[in-house]
Amino acid sequence: MKKFIISMMLMGSGSVFSQVSVGAPVQENSKWTFGGGIGVGFGSNSAFNLSASPRVGYRLTNDLEGGVVGTVSWQTSNSYKSTMFGVGPFINYYFARSFYLGANYQHYFIDYKDKFYDYKFNTEENALFLGGGYMQRIGNNSFMQLGLMYNVLWKQNSSVFSSGLIPNIGFVVGL
């Protein structure tokens, strides 16, 4: 059950790490970017997951963007209920017009309740995701990004996450 919960959390928060807006011409009057992701998941035992990952970025140069990203995720099933909030800074470096390298630090607050045993716990966890990927223009100032990130702080036996590796898809709009 823990692996299922954590997988749902990762799927919801994975999209956070994938938004970019640099590498193609953006309007000259603003360096701000906005984006995020929304996730919905279903599983066994009536499991349901809903997540949102908003982000705000600022182009420091044509190739470097920094900003803040947040994550909120709700999971429920016949046997558990869980809420996760995360927030932290990110930085992305873009090269060759279609590729990026990124880093994202997140601090997570996790609330879990087991419905059968009336067991509850609250915990916090830090994650430092490093990785990169490919971005594709999908509109005038809109982009989609496909990438892979790895949590270098992940520890197999003590992390609430089932894996340190996260594939991601995200969208962003540059204003």
# chains A, B, ... in the order shown; residues from 1 in each chain; ligands from 1
call {"tool": "residues_around", "arguments": {"residues": "segment 102-108 of chain A", "least_positions_apart": "2", "cutoff": "6 Å", "atoms": "only C-alpha atoms", "output": "MDAnalysis selection string"}}
result
chainID A and resid 85:92 124:132
call {"tool": "write_last_selection", "arguments": {"atoms": "N, CA and C atoms", "output": "PDB file, in the first residue's frame"}}
result
ATOM      1  N   PHE A  85       1.686  18.273   0.681  1.00  0.00           N
ATOM      2  CA  PHE A  85       1.988  19.615   0.191  1.00  0.00           C
ATOM      3  C   PHE A  85       3.497  19.727   0.035  1.00  0.00           C
ATOM      4  N   GLY A  86       3.943  20.396  -1.022  1.00  0.00           N
ATOM      5  CA  GLY A  86       5.366  20.625  -1.227  1.00  0.00           C
ATOM      6  C   GLY A  86       5.591  22.009  -1.811  1.00  0.00           C
ATOM      7  N   VAL A  87       6.730  22.593  -1.500  1.00  0.00           N
ATOM      8  CA  VAL A  87       7.072  23.905  -2.037  1.00  0.00           C
ATOM      9  C   VAL A  87       8.595  24.022  -2.096  1.00  0.00           C
ATOM     10  N   GLY A  88       9.076  24.778  -3.086  1.00  0.00           N
ATOM     11  CA  GLY A  88      10.515  24.980  -3.180  1.00  0.00           C
ATOM     12  C   GLY A  88      10.929  25.692  -4.454  1.00  0.00           C
ATOM     13  N   PRO A  89      12.198  26.064  -4.526  1.00  0.00           N
ATOM     14  CA  PRO A  89      12.728  26.768  -5.698  1.00  0.00           C
ATOM     15  C   PRO A  89      13.153  25.797  -6.793  1.00  0.00           C
ATOM     16  N   PHE A  90      13.207  26.310  -8.025  1.00  0.00           N
ATOM     17  CA  PHE A  90      13.742  25.533  -9.134  1.00  0.00           C
ATOM     18  C   PHE A  90      14.613  26.444  -9.995  1.00  0.00           C
ATOM     19  N   ILE A  91      15.488  25.804 -10.768  1.00  0.00           N
ATOM     20  CA  ILE A  91      16.300  26.520 -11.751  1.00  0.00           C
ATOM     21  C   ILE A  91      16.459  25.603 -12.965  1.00  0.00           C
ATOM     22  N   ASN A  92      16.318  26.183 -14.149  1.00  0.00           N
ATOM     23  CA  ASN A  92      16.469  25.429 -15.396  1.00  0.00           C
ATOM     24  C   ASN A  92      17.454  26.157 -16.302  1.00  0.00           C
ATOM     25  N   GLU A 124       7.616  14.992   7.342  1.00  0.00           N
ATOM     26  CA  GLU A 124       8.159  15.934   6.370  1.00  0.00           C
ATOM     27  C   GLU A 124       9.328  15.258   5.679  1.00  0.00           C
ATOM     28  N   GLU A 125       9.550  15.641   4.432  1.00  0.00           N
ATOM     29  CA  GLU A 125      10.674  15.073   3.689  1.00  0.00           C
ATOM     30  C   GLU A 125      11.195  16.097   2.695  1.00  0.00           C
ATOM     31  N   ASN A 126      12.509  16.106   2.519  1.00  0.00           N
ATOM     32  CA  ASN A 126      13.151  16.963   1.532  1.00  0.00           C
ATOM     33  C   ASN A 126      13.513  16.157   0.298  1.00  0.00           C
ATOM     34  N   ALA A 127      13.462  16.808  -0.844  1.00  0.00           N
ATOM     35  CA  ALA A 127      13.846  16.164  -2.098  1.00  0.00           C
ATOM     36  C   ALA A 127      14.612  17.167  -2.943  1.00  0.00           C
ATOM     37  N   LEU A 128      15.693  16.722  -3.544  1.00  0.00           N
ATOM     38  CA  LEU A 128      16.460  17.538  -4.491  1.00  0.00           C
ATOM     39  C   LEU A 128      16.490  16.766  -5.806  1.00  0.00           C
ATOM     40  N   PHE A 129      15.683  17.237  -6.752  1.00  0.00           N
ATOM     41  CA  PHE A 129      15.562  16.586  -8.045  1.00  0.00           C
ATOM     42  C   PHE A 129      16.520  17.221  -9.042  1.00  0.00           C
ATOM     43  N   LEU A 130      17.342  16.393  -9.684  1.00  0.00           N
ATOM     44  CA  LEU A 130      18.270  16.839 -10.722  1.00  0.00           C
ATOM     45  C   LEU A 130      17.972  16.044 -11.990  1.00  0.00           C
ATOM     46  N   GLY A 131      18.043  16.699 -13.133  1.00  0.00           N
ATOM     47  CA  GLY A 131      17.786  15.983 -14.373  1.00  0.00           C
ATOM     48  C   GLY A 131      17.712  16.898 -15.564  1.00  0.00           C
ATOM     49  N   GLY A 132      17.001  16.460 -16.572  1.00  0.00           N
ATOM     50  CA  GLY A 132      16.882  17.239 -17.790  1.00  0.00           C
ATOM     51  C   GLY A 132      15.908  16.597 -18.739  1.00  0.00           C
TER      52      GLY A 132
END
call {"tool": "residues_around", "arguments": {"residues": "Leu165 of chain A", "least_positions_apart": "3", "cutoff": "9 Å", "atoms": "only C-alpha atoms", "output": "PyMOL selection string"}}
result
chain A and resi 129+148-151
call {"tool": "closest_residue", "arguments": {"among": "A:Met135, A:Met84, A:Val69, A:Val56", "to": "Phe99 of chain A", "atoms": "only C-alpha atoms"}}
result
A:Met135
call {"tool": "select_by_dssp", "arguments": {"residues": "segment 3-162 of chain A", "states": "strand (DSSP E or B)", "output": "PyMOL selection string"}}
result
chain A and resi 32-43+47-59+64-76+80-95+99-114+119-137+142-151
call {"tool": "select_by_dssp", "arguments": {"residues": "chain A", "states": "helix (DSSP H, G or I)", "output": "list in words"}}
result
Lys2, Lys3, Phe4, Ile5, Ile6, Ser7, Met8, Met9, Leu10, Met11, Gly12, Ser13, Gly14, Ser15, Val16, Phe17 and Ser18 of chain A
call {"tool": "residues_around", "arguments": {"residues": "Tyr80 of chain A", "least_positions_apart": "4", "cutoff": "12 Å", "atoms": "only C-alpha atoms", "output": "VMD selection string"}}
result
chain A and resid 1 to 2 4 to 5 45 to 49 74 to 76 111 to 121
call {"tool": "atom_distance", "arguments": {"atom1": "atom CA of Phe171 of chain A", "atom2": "atom CA of Gly35 of chain A"}}
result
5.9 Å
call {"tool": "residues_around", "arguments": {"residues": "Tyr93 of chain A", "least_positions_apart": "6", "cutoff": "7 Å", "atoms": "only C-alpha atoms", "output": "JSON, numbers by chain"}}
result
{"A": [63, 64, 65, 100, 101, 102]}
call {"tool": "residues_around", "arguments": {"residues": "Ser98 of chain A", "least_positions_apart": "4", "cutoff": "8 Å", "atoms": "only C-alpha atoms", "output": "count of residues only"}}
result
5
